[in-house]
Each structure stands twice: as structure tokens, then as C-alpha cells.
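Engineer: Take this structure, written in C-alpha cells, and hold onto it; I'll ask about it next.
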Amino acid sequence: MSFEQRLIQHWYGTPDSGLWWLHPLSWLFAGVSYLRRALYRWGGLSAYQPPVPLIVIGNLTVGGVGKTPLTLHLLAALRQRGWQVGVVSRGYGGTAQQPQIVLPSHTANHVGDEPLLYAQAGFPVAIGRQRAAAVRTLLAAYPQLDLLLADDGLQHYALGRTLEVVVIDGAQGLGNGRLLPAGPLRESAARLATVHALVVHQPGDLPPRLPDLPPALPRFTMRLTPAPFYALSAPHLTRSAADFAGLKVVALAGIGHPPRFFATLTALGLVPVACHAFPDHHRYTVADLPAEADAIVVTEKDAVKLRGLDNGKLWVLPVAATLMPDLADWLTSTLKKSVYGQQTA
């Protein structure tokens with residue numbers, strides 16, 4: 001078993017006594033994290049407050065919890081409710097060093113896979129290693145924007161925010177409840193008591209390792225519904241899972257939690273002959289595409305990184321997020337009351 005596999009098992013499964021030495025490092029991480037947040041809270045460090053409301057979509061754990069489909073859903077749903085909404089991101093996985101607007105013609109290697117996905121969906125996007133600079137860049141290019149979403153950045157306290165929405169995987173929960181590197185947490189679980197809304201990504205119920213939460217904390221459930229597969233080279237061509245019968249299908253996933261994608265394929269009745277998991281934001285090469293496969297199925301997040309490598313065998317599985325109750329309605333109502341002082345019906 002590799003060290004990475006042992007670490008994941010230690011975080012989410014059976015504790016590994018051989019990794020005891022991670023615990024002192026976790027205490028050190030906790031101390032640094034607490035001090036940093038305290039400096040922003042007490043004024044030792046100053047945060048940039050955007051001139052328009054900003055909602056952070058973040059998580060407490062490392063790895064994928066479903067923030068990307070949630071952000072895409074909220075961008076569309078908030079636009080439908082009349083908001084002029086854009087998104088800022090750090091641009092993980094991209095080589096861009098300076099803040100910039102993301103265009104649909106950019107490559108994922110340059111701007112990052114998630115920002116490119118948002119831009120190709122038709123939304124204003126800016127990236128920047130310093131998110132305050134990304135906000136300024138976005139508002140300079142799109143002065144009509146009256147609402148911003150920050151993809152990730154819950155722990156980026158240099159950027160002020162109006163609301164915080166935290167996403168938790170309903171199956172993995174908070175793992176062993178420890179901070180990095182002894183556990184998967186970026187911040188203590190007690191941080192949940194200070195956020196404005198909690199989204200639990202199914203499957204699973206509310207994770208059992210959560211601390212006592214304020215009774216009034218709004219909670220939402222998110223489910224991802226797959227749509228038909230489409231050909232990367234010709235998006236108008238679609239297939240159902242049954243249409244792959246008799247073909248040698250290989251699944252690739254370079255996302256935060258690849259097993260979720262593979263489990264979705266199984267639930268659809270598609271059983272690949274092989275499933276290859278890559279690190280989040282993985283940069284694909286031709287060598288990653290199995291030549292012996294009749295069809296290769298990937299996520300939309302992977303698809304934006306594979307366009308230049310398309311061999312005619314790539315099929316994309318899009319998913320759409322559904323929130324219960326309606327998170328976009330709640331955000332709109334909360335913003336109008338807290339920021340603009342408007343009463344809603």
C-alpha cells in the first residue's frame with residue numbers, strides 16, 4: 001500500500017498506528033491556522049472588502065466535495081433571479097501568474113480547469129493567486145456585476161465576504177475529525193458554527209462527526225443528476241449508458257474524489273473495464289489515453305483539459321446539481337434583507 005493510500009485510510013477508515021508522527025504536525029498546523037484567522041479577526045491583518053456582495057463556496061476538507069457543480073448551479077440559478085453574477089478563483093492547476101479574465105478560448109493548463117469550465121458556460125470569470133486582485137480585475141472588466149461567487153477560498157481571509165456556504169461530502173463527512181496532516185481538515189470542525197449555510201452532498205445523511213451546530217443554521221441537500229453522455233469532438237452526439245454495451249470502455253477522472261465518478265457510472269449500469277484515477281487538476285498527456293479502449297468516459301471538468309488530445313473516443317458525462325430546499329432562493333432573500341435592507345415576501 002502506498003503512503004497516499006495509507007493516509008486516505010487513516011483519514012477516512014481504520015486509524016494507522018504507524019502514522020502517529022502526523023499528530024504533532026497537526027497540532028502545529030492548528031496553531032498556525034488559529035493565529036492567522038485571529039490576526040484578520042482582530043485587525044492585525046486587513047482584508048479587502050469588495051464593493052459588491054461576495055459569497056464564498058468553500059469546504060473544510062481537502063479533496064473534492066462537489067463545489068464545482070454547485071458553483072455552476074448557483075451561477076445559473078442566481079442569473080435567472082436577476083443577479084449580474086460573476087466568479088473569482090485562484091486558478092488551481094494553471095500556469096498564469098497574474099490576475100486575468102478567463103476566456104472560453106483559454107486552455108486549462110493556463111487558467112485552470114474549473115475557471116475555464118465556468119467561462120465556457122458563459123459566465124464572467126477572473127483568476128488570481130491573490131483573490132482580491134482577481135475581484136478588482138473582474139469588476140474592472142464587468143462593472144455591471146452586482147454579485148460575486150468565490151470558488152473555494154473559505155480559508156483565504158485576505159478576501160472579505162458577505163456570506164459563506166460550506167459543502168460537505170455526505171458519505172465521507174469530516175473523516176477522523178483531525179486537522180492536516182493527521183486528518184483531512186483545513187480548519188477545525190468548530191468553524192461550521194460561524195458559516196451562513198451548510199450544503200451536504202449526498203449520498204449519505206448528515207455526517208456523524210459534526211460538532212453541535214446552531215439550530216438556526218440553514219442546511220441544504222445537494223444531489224447530482226447525470227445527463228446523457230456526449231462526444232467531446234461533437235457535443236451534439238449523445239449516448240446513454242446502454243449504448244456502450246459490448247464496447248471496451250475505460251473511465252478517467254482527475255478530480256477531487258474520483259471514486260464518486262466511478263460509482264456514478266456503475267449506478268448508470270456502465271461497467272468500465274478499467275478506471276484510472278488521477279490527482280485533482282491533473283494535466284493529461286496522450287500517454288494517459290488507453291489506446292486499446294473503444295470509448296473513454298470522463299467528467300466535464302476533465303473534458304476541458306482533454307480537448308487538445310481528443311482522439312475521437314472521448315465521451316463526457318455532464319451532471320446537474322439539485323438543491324433541496326432551494327439555495328439560490330435563500331441566498332437571494334438573505335442578501336436582499338442583510339445587504340440591501342429589503343423585505344421579501
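All residue names refer to the C-alpha cells as shown: chains lettered A, B, ... in order, residues numbered from 1 in each chain, ligands numbered from 1 in order.
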For stretch 316-318 of chain A, list every protein, DNA or RNA residue within 8 Å, evaluated using only C-alpha atoms, and leave out those in the same chain fewer than 5 positions away; present the list as a count of residues only.
Structural biologist: 12
Engineer: What residues in stretch 52-108 of chain A get the DSSP label helix (DSSP H, G or I)? Please answer as a PyMOL selection string.
Structural biologist: chain A and resi 67-80+108
Engineer: Could you please take those selected residues and save all heavy atoms as an mmCIF file, in the first residue's frame?
Structural biologist:
data_model
loop_
_atom_site.group_PDB
_atom_site.id
_atom_site.type_symbol
_atom_site.label_atom_id
_atom_site.label_comp_id
_atom_site.auth_asym_id
_atom_site.auth_seq_id
_atom_site.Cartn_x
_atom_site.Cartn_y
_atom_site.Cartn_z
ATOM 1 N N LYS A 67 -17.966 21.156 -5.053
ATOM 2 C CA LYS A 67 -18.084 22.613 -5.161
ATOM 3 C C LYS A 67 -18.272 23.072 -6.602
ATOM 4 O O LYS A 67 -18.991 24.048 -6.856
ATOM 5 C CB LYS A 67 -16.845 23.298 -4.585
ATOM 6 C CG LYS A 67 -16.674 23.182 -3.090
ATOM 7 C CD LYS A 67 -15.653 24.161 -2.559
ATOM 8 C CE LYS A 67 -14.341 24.136 -3.321
ATOM 9 N NZ LYS A 67 -13.637 22.843 -3.213
ATOM 10 N N THR A 68 -17.635 22.405 -7.559
ATOM 11 C CA THR A 68 -17.720 22.862 -8.951
ATOM 12 C C THR A 68 -19.141 22.763 -9.499
ATOM 13 O O THR A 68 -19.666 23.752 -10.028
ATOM 14 C CB THR A 68 -16.726 22.091 -9.830
ATOM 15 O OG1 THR A 68 -15.403 22.261 -9.319
ATOM 16 C CG2 THR A 68 -16.771 22.601 -11.265
ATOM 17 N N PRO A 69 -19.817 21.608 -9.410
ATOM 18 C CA PRO A 69 -21.211 21.580 -9.902
ATOM 19 C C PRO A 69 -22.127 22.488 -9.101
ATOM 20 O O PRO A 69 -23.084 23.048 -9.651
ATOM 21 C CB PRO A 69 -21.613 20.107 -9.773
ATOM 22 C CG PRO A 69 -20.624 19.495 -8.842
ATOM 23 C CD PRO A 69 -19.358 20.261 -9.012
ATOM 24 N N LEU A 70 -21.849 22.675 -7.806
ATOM 25 C CA LEU A 70 -22.663 23.590 -7.017
ATOM 26 C C LEU A 70 -22.479 25.017 -7.505
ATOM 27 O O LEU A 70 -23.457 25.764 -7.668
ATOM 28 C CB LEU A 70 -22.292 23.490 -5.538
ATOM 29 C CG LEU A 70 -22.981 24.511 -4.617
ATOM 30 C CD1 LEU A 70 -24.499 24.359 -4.674
ATOM 31 C CD2 LEU A 70 -22.471 24.396 -3.184
ATOM 32 N N THR A 71 -21.244 25.411 -7.772
ATOM 33 C CA THR A 71 -20.978 26.772 -8.250
ATOM 34 C C THR A 71 -21.636 27.004 -9.608
ATOM 35 O O THR A 71 -22.245 28.061 -9.842
ATOM 36 C CB THR A 71 -19.463 27.019 -8.335
ATOM 37 O OG1 THR A 71 -18.874 26.822 -7.039
ATOM 38 C CG2 THR A 71 -19.160 28.428 -8.811
ATOM 39 N N LEU A 72 -21.535 26.031 -10.500
ATOM 40 C CA LEU A 72 -22.193 26.154 -11.797
ATOM 41 C C LEU A 72 -23.705 26.305 -11.639
ATOM 42 O O LEU A 72 -24.341 27.118 -12.314
ATOM 43 C CB LEU A 72 -21.873 24.940 -12.667
ATOM 44 C CG LEU A 72 -20.532 24.948 -13.392
ATOM 45 C CD1 LEU A 72 -20.228 23.572 -13.966
ATOM 46 C CD2 LEU A 72 -20.522 26.000 -14.498
ATOM 47 N N HIS A 73 -24.270 25.509 -10.750
ATOM 48 C CA HIS A 73 -25.718 25.589 -10.497
ATOM 49 C C HIS A 73 -26.098 26.971 -9.980
ATOM 50 O O HIS A 73 -27.078 27.575 -10.449
ATOM 51 C CB HIS A 73 -26.124 24.522 -9.483
ATOM 52 C CG HIS A 73 -27.495 24.712 -8.911
ATOM 53 N ND1 HIS A 73 -28.640 24.300 -9.557
ATOM 54 C CD2 HIS A 73 -27.907 25.311 -7.755
ATOM 55 C CE1 HIS A 73 -29.699 24.621 -8.835
ATOM 56 N NE2 HIS A 73 -29.286 25.232 -7.746
ATOM 57 N N LEU A 74 -25.343 27.477 -9.010
ATOM 58 C CA LEU A 74 -25.686 28.762 -8.419
ATOM 59 C C LEU A 74 -25.498 29.910 -9.403
ATOM 60 O O LEU A 74 -26.290 30.862 -9.415
ATOM 61 C CB LEU A 74 -24.847 28.997 -7.157
ATOM 62 C CG LEU A 74 -25.224 28.142 -5.945
ATOM 63 C CD1 LEU A 74 -24.270 28.418 -4.794
ATOM 64 C CD2 LEU A 74 -26.668 28.403 -5.517
ATOM 65 N N LEU A 75 -24.461 29.844 -10.228
ATOM 66 C CA LEU A 75 -24.269 30.888 -11.236
ATOM 67 C C LEU A 75 -25.501 30.999 -12.133
ATOM 68 O O LEU A 75 -26.006 32.100 -12.392
ATOM 69 C CB LEU A 75 -23.023 30.590 -12.070
ATOM 70 C CG LEU A 75 -21.674 30.838 -11.392
ATOM 71 C CD1 LEU A 75 -20.545 30.231 -12.220
ATOM 72 C CD2 LEU A 75 -21.437 32.334 -11.185
ATOM 73 N N ALA A 76 -25.987 29.860 -12.602
ATOM 74 C CA ALA A 76 -27.156 29.868 -13.491
ATOM 75 C C ALA A 76 -28.423 30.264 -12.741
ATOM 76 O O ALA A 76 -29.231 31.066 -13.231
ATOM 77 C CB ALA A 76 -27.320 28.494 -14.130
ATOM 78 N N ALA A 77 -28.605 29.704 -11.536
ATOM 79 C CA ALA A 77 -29.832 29.974 -10.783
ATOM 80 C C ALA A 77 -29.911 31.425 -10.326
ATOM 81 O O ALA A 77 -30.987 32.041 -10.337
ATOM 82 C CB ALA A 77 -29.912 29.031 -9.580
ATOM 83 N N LEU A 78 -28.790 31.997 -9.925
ATOM 84 C CA LEU A 78 -28.790 33.395 -9.482
ATOM 85 C C LEU A 78 -28.988 34.344 -10.660
ATOM 86 O O LEU A 78 -29.648 35.380 -10.535
ATOM 87 C CB LEU A 78 -27.489 33.706 -8.739
ATOM 88 C CG LEU A 78 -27.362 33.028 -7.370
ATOM 89 C CD1 LEU A 78 -25.933 33.120 -6.842
ATOM 90 C CD2 LEU A 78 -28.344 33.642 -6.366
ATOM 91 N N ARG A 79 -28.415 33.991 -11.802
ATOM 92 C CA ARG A 79 -28.650 34.809 -13.000
ATOM 93 C C ARG A 79 -30.135 34.805 -13.352
ATOM 94 O O ARG A 79 -30.699 35.851 -13.717
ATOM 95 C CB ARG A 79 -27.818 34.286 -14.169
ATOM 96 C CG ARG A 79 -28.088 35.011 -15.477
ATOM 97 C CD ARG A 79 -27.287 34.432 -16.621
ATOM 98 N NE ARG A 79 -25.903 34.900 -16.598
ATOM 99 C CZ ARG A 79 -24.985 34.527 -17.490
ATOM 100 N NH1 ARG A 79 -25.305 33.665 -18.454
ATOM 101 N NH2 ARG A 79 -23.757 35.002 -17.415
ATOM 102 N N GLN A 80 -30.786 33.654 -13.242
ATOM 103 C CA GLN A 80 -32.213 33.568 -13.538
ATOM 104 C C GLN A 80 -33.045 34.438 -12.597
ATOM 105 O O GLN A 80 -34.143 34.879 -12.956
ATOM 106 C CB GLN A 80 -32.683 32.114 -13.430
ATOM 107 C CG GLN A 80 -32.163 31.217 -14.539
ATOM 108 C CD GLN A 80 -32.556 29.761 -14.328
ATOM 109 O OE1 GLN A 80 -33.095 29.390 -13.283
ATOM 110 N NE2 GLN A 80 -32.271 28.931 -15.317
ATOM 111 N N ALA A 108 -6.933 25.010 -20.168
ATOM 112 C CA ALA A 108 -6.944 24.689 -18.743
ATOM 113 C C ALA A 108 -5.543 24.732 -18.159
ATOM 114 O O ALA A 108 -5.367 25.069 -16.985
ATOM 115 C CB ALA A 108 -7.572 23.309 -18.532
#
Engineer: I need the strand (DSSP E) residues of stretch 4-210 of chain A per DSSP on the backbone, written as a JSON list (two decimals) with C-alpha atoms, in the first residue's frame.
Structural biologist:
[["chain", "number", "residue", "atom", "x", "y", "z"],
["A", 54, "LEU", "CA", -19.43, 38.17, -2.38],
["A", 55, "ILE", "CA", -20.40, 34.60, -1.49],
["A", 56, "VAL", "CA", -17.65, 32.08, -0.72],
["A", 57, "ILE", "CA", -18.35, 28.49, -1.76],
["A", 58, "GLY", "CA", -15.87, 26.50, 0.30],
["A", 85, "VAL", "CA", -23.15, 37.39, -11.26],
["A", 86, "GLY", "CA", -19.51, 36.51, -11.86],
["A", 87, "VAL", "CA", -16.98, 34.20, -10.24],
["A", 88, "VAL", "CA", -13.41, 34.51, -8.98],
["A", 89, "SER", "CA", -11.00, 31.65, -8.48],
["A", 100, "GLN", "CA", -6.67, 37.96, -15.55],
["A", 101, "ILE", "CA", -10.05, 37.46, -17.15],
["A", 125, "VAL", "CA", -14.59, 34.76, -14.60],
["A", 126, "ALA", "CA", -11.32, 36.12, -13.25],
["A", 127, "ILE", "CA", -8.43, 34.27, -11.65],
["A", 147, "LEU", "CA", -22.85, 39.73, -7.08],
["A", 148, "LEU", "CA", -19.71, 37.59, -6.96],
["A", 149, "LEU", "CA", -19.08, 33.95, -6.11],
["A", 150, "ALA", "CA", -15.67, 32.82, -4.89],
["A", 151, "ASP", "CA", -14.90, 29.24, -5.90],
["A", 163, "LEU", "CA", -21.83, 35.04, 3.10],
["A", 164, "GLU", "CA", -20.09, 31.68, 3.48],
["A", 165, "VAL", "CA", -21.52, 28.44, 2.13],
["A", 166, "VAL", "CA", -19.71, 25.26, 3.16],
["A", 167, "VAL", "CA", -20.05, 21.97, 1.26],
["A", 168, "ILE", "CA", -19.55, 18.59, 2.97],
["A", 169, "ASP", "CA", -19.48, 15.19, 1.32],
["A", 197, "ALA", "CA", -25.21, 27.83, 5.25],
["A", 198, "LEU", "CA", -24.27, 24.15, 5.05],
["A", 199, "VAL", "CA", -24.67, 22.00, 1.93],
["A", 200, "VAL", "CA", -24.44, 18.23, 2.32],
["A", 201, "HIS", "CA", -23.61, 16.42, -0.89]]
Engineer: With only C-alpha atoms as the basis for distance, which of A:Thr225, A:Ser188, A:Asn109, A:Asn176 is at the shortest distance from A:Asp16?
Structural biologist: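 Between A:Thr225, A:Ser188, A:Asn109, A:Asn176, the residue approaching A:Asp16 most closely is A:Asn176.
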Engineer: Residues within 12 Å of A:Phe278, please, as a list in words. Count only C-alpha atoms; anything in the same chain fewer than 6 positions from it doesn't count.
Structural biologist: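 Contacts, with the query itself left out: Ala251, Leu252, Ala253, Gly254, Ile255, Gly256, His257, Pro258, Pro259, Tyr284, Thr285, Asp288, Val298 and Asp302 of chain A.
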Engineer: With all heavy atoms retained, write the just-selected residues as a compact mmCIF listing (two decimals), in the first residue's frame.
Structural biologist:
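That gives us result.txt:
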# COMPACT_ATOMS: atom_id res chain seq x y z
N ALA A 251 -12.70 4.44 -17.93
CA ALA A 251 -13.07 5.69 -17.27
C ALA A 251 -11.82 6.38 -16.74
O ALA A 251 -10.95 5.74 -16.14
CB ALA A 251 -14.04 5.41 -16.14
N LEU A 252 -11.76 7.70 -16.95
CA LEU A 252 -10.67 8.52 -16.42
C LEU A 252 -11.27 9.61 -15.55
O LEU A 252 -12.32 10.17 -15.87
CB LEU A 252 -9.86 9.19 -17.54
CG LEU A 252 -9.29 8.32 -18.66
CD1 LEU A 252 -8.50 9.19 -19.64
CD2 LEU A 252 -8.39 7.23 -18.09
N ALA A 253 -10.58 9.93 -14.45
CA ALA A 253 -11.06 11.02 -13.60
C ALA A 253 -9.88 11.67 -12.89
O ALA A 253 -9.16 11.01 -12.14
CB ALA A 253 -12.07 10.51 -12.57
N GLY A 254 -9.69 12.96 -13.15
CA GLY A 254 -8.68 13.74 -12.45
C GLY A 254 -9.36 14.83 -11.66
O GLY A 254 -9.15 16.02 -11.91
N ILE A 255 -10.18 14.42 -10.69
CA ILE A 255 -10.97 15.35 -9.88
C ILE A 255 -10.65 15.11 -8.42
O ILE A 255 -9.82 14.27 -8.07
CB ILE A 255 -12.48 15.16 -10.16
CG1 ILE A 255 -12.90 13.70 -9.88
CG2 ILE A 255 -12.81 15.53 -11.60
CD1 ILE A 255 -14.39 13.45 -10.05
N GLY A 256 -11.32 15.84 -7.54
CA GLY A 256 -11.01 15.73 -6.12
C GLY A 256 -11.32 14.39 -5.51
O GLY A 256 -10.63 13.94 -4.60
N HIS A 257 -12.38 13.72 -6.01
CA HIS A 257 -12.78 12.42 -5.44
C HIS A 257 -13.22 11.51 -6.58
O HIS A 257 -14.42 11.31 -6.82
CB HIS A 257 -13.92 12.62 -4.44
CG HIS A 257 -14.27 11.39 -3.66
ND1 HIS A 257 -13.34 10.59 -3.03
CD2 HIS A 257 -15.48 10.81 -3.42
CE1 HIS A 257 -13.94 9.59 -2.44
NE2 HIS A 257 -15.25 9.69 -2.67
N PRO A 258 -12.26 10.93 -7.33
CA PRO A 258 -12.60 10.09 -8.48
C PRO A 258 -13.57 8.94 -8.19
O PRO A 258 -14.41 8.63 -9.05
CB PRO A 258 -11.23 9.56 -8.93
CG PRO A 258 -10.27 10.60 -8.49
CD PRO A 258 -10.81 11.09 -7.17
N PRO A 259 -13.51 8.29 -7.01
CA PRO A 259 -14.45 7.18 -6.77
C PRO A 259 -15.91 7.56 -6.94
O PRO A 259 -16.74 6.72 -7.30
CB PRO A 259 -14.15 6.75 -5.33
CG PRO A 259 -12.70 7.09 -5.15
CD PRO A 259 -12.53 8.38 -5.90
N TYR A 284 -3.38 16.14 -18.39
CA TYR A 284 -3.37 14.93 -19.20
C TYR A 284 -2.36 15.03 -20.35
O TYR A 284 -2.10 16.10 -20.88
CB TYR A 284 -4.76 14.67 -19.78
CG TYR A 284 -5.76 14.18 -18.75
CD1 TYR A 284 -6.65 15.07 -18.13
CD2 TYR A 284 -5.81 12.84 -18.39
CE1 TYR A 284 -7.56 14.63 -17.20
CE2 TYR A 284 -6.73 12.39 -17.45
CZ TYR A 284 -7.60 13.29 -16.86
OH TYR A 284 -8.51 12.85 -15.93
N THR A 285 -1.83 13.86 -20.69
CA THR A 285 -0.99 13.73 -21.88
C THR A 285 -1.56 12.59 -22.72
O THR A 285 -2.45 11.84 -22.27
CB THR A 285 0.46 13.40 -21.49
OG1 THR A 285 0.52 12.08 -20.89
CG2 THR A 285 1.02 14.42 -20.51
N ASP A 288 -1.89 9.16 -21.24
CA ASP A 288 -2.96 8.85 -20.30
C ASP A 288 -4.18 8.23 -20.97
O ASP A 288 -5.07 7.70 -20.29
CB ASP A 288 -3.40 10.11 -19.55
CG ASP A 288 -2.31 10.68 -18.66
OD1 ASP A 288 -1.56 9.89 -18.08
OD2 ASP A 288 -2.23 11.92 -18.56
N VAL A 298 -15.29 10.50 -19.32
CA VAL A 298 -14.65 11.44 -18.41
C VAL A 298 -15.69 12.41 -17.86
O VAL A 298 -16.83 12.47 -18.35
CB VAL A 298 -13.54 12.24 -19.12
CG1 VAL A 298 -12.45 11.32 -19.66
CG2 VAL A 298 -14.11 13.11 -20.26
N ASP A 302 -12.75 17.19 -16.46
CA ASP A 302 -11.62 16.61 -17.20
C ASP A 302 -11.69 17.00 -18.67
O ASP A 302 -10.66 17.17 -19.32
CB ASP A 302 -11.64 15.08 -17.07
CG ASP A 302 -11.31 14.61 -15.67
OD1 ASP A 302 -10.23 14.95 -15.18
OD2 ASP A 302 -12.14 13.90 -15.07
Engineer: Of the residues A:Lys248, A:Arg260, A:His156, A:Arg307, which is the one nearest to A:Tyr48, using only C-alpha atoms?
Structural biologist: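 Distance minimum relative to A:Tyr48 lands on A:His156.
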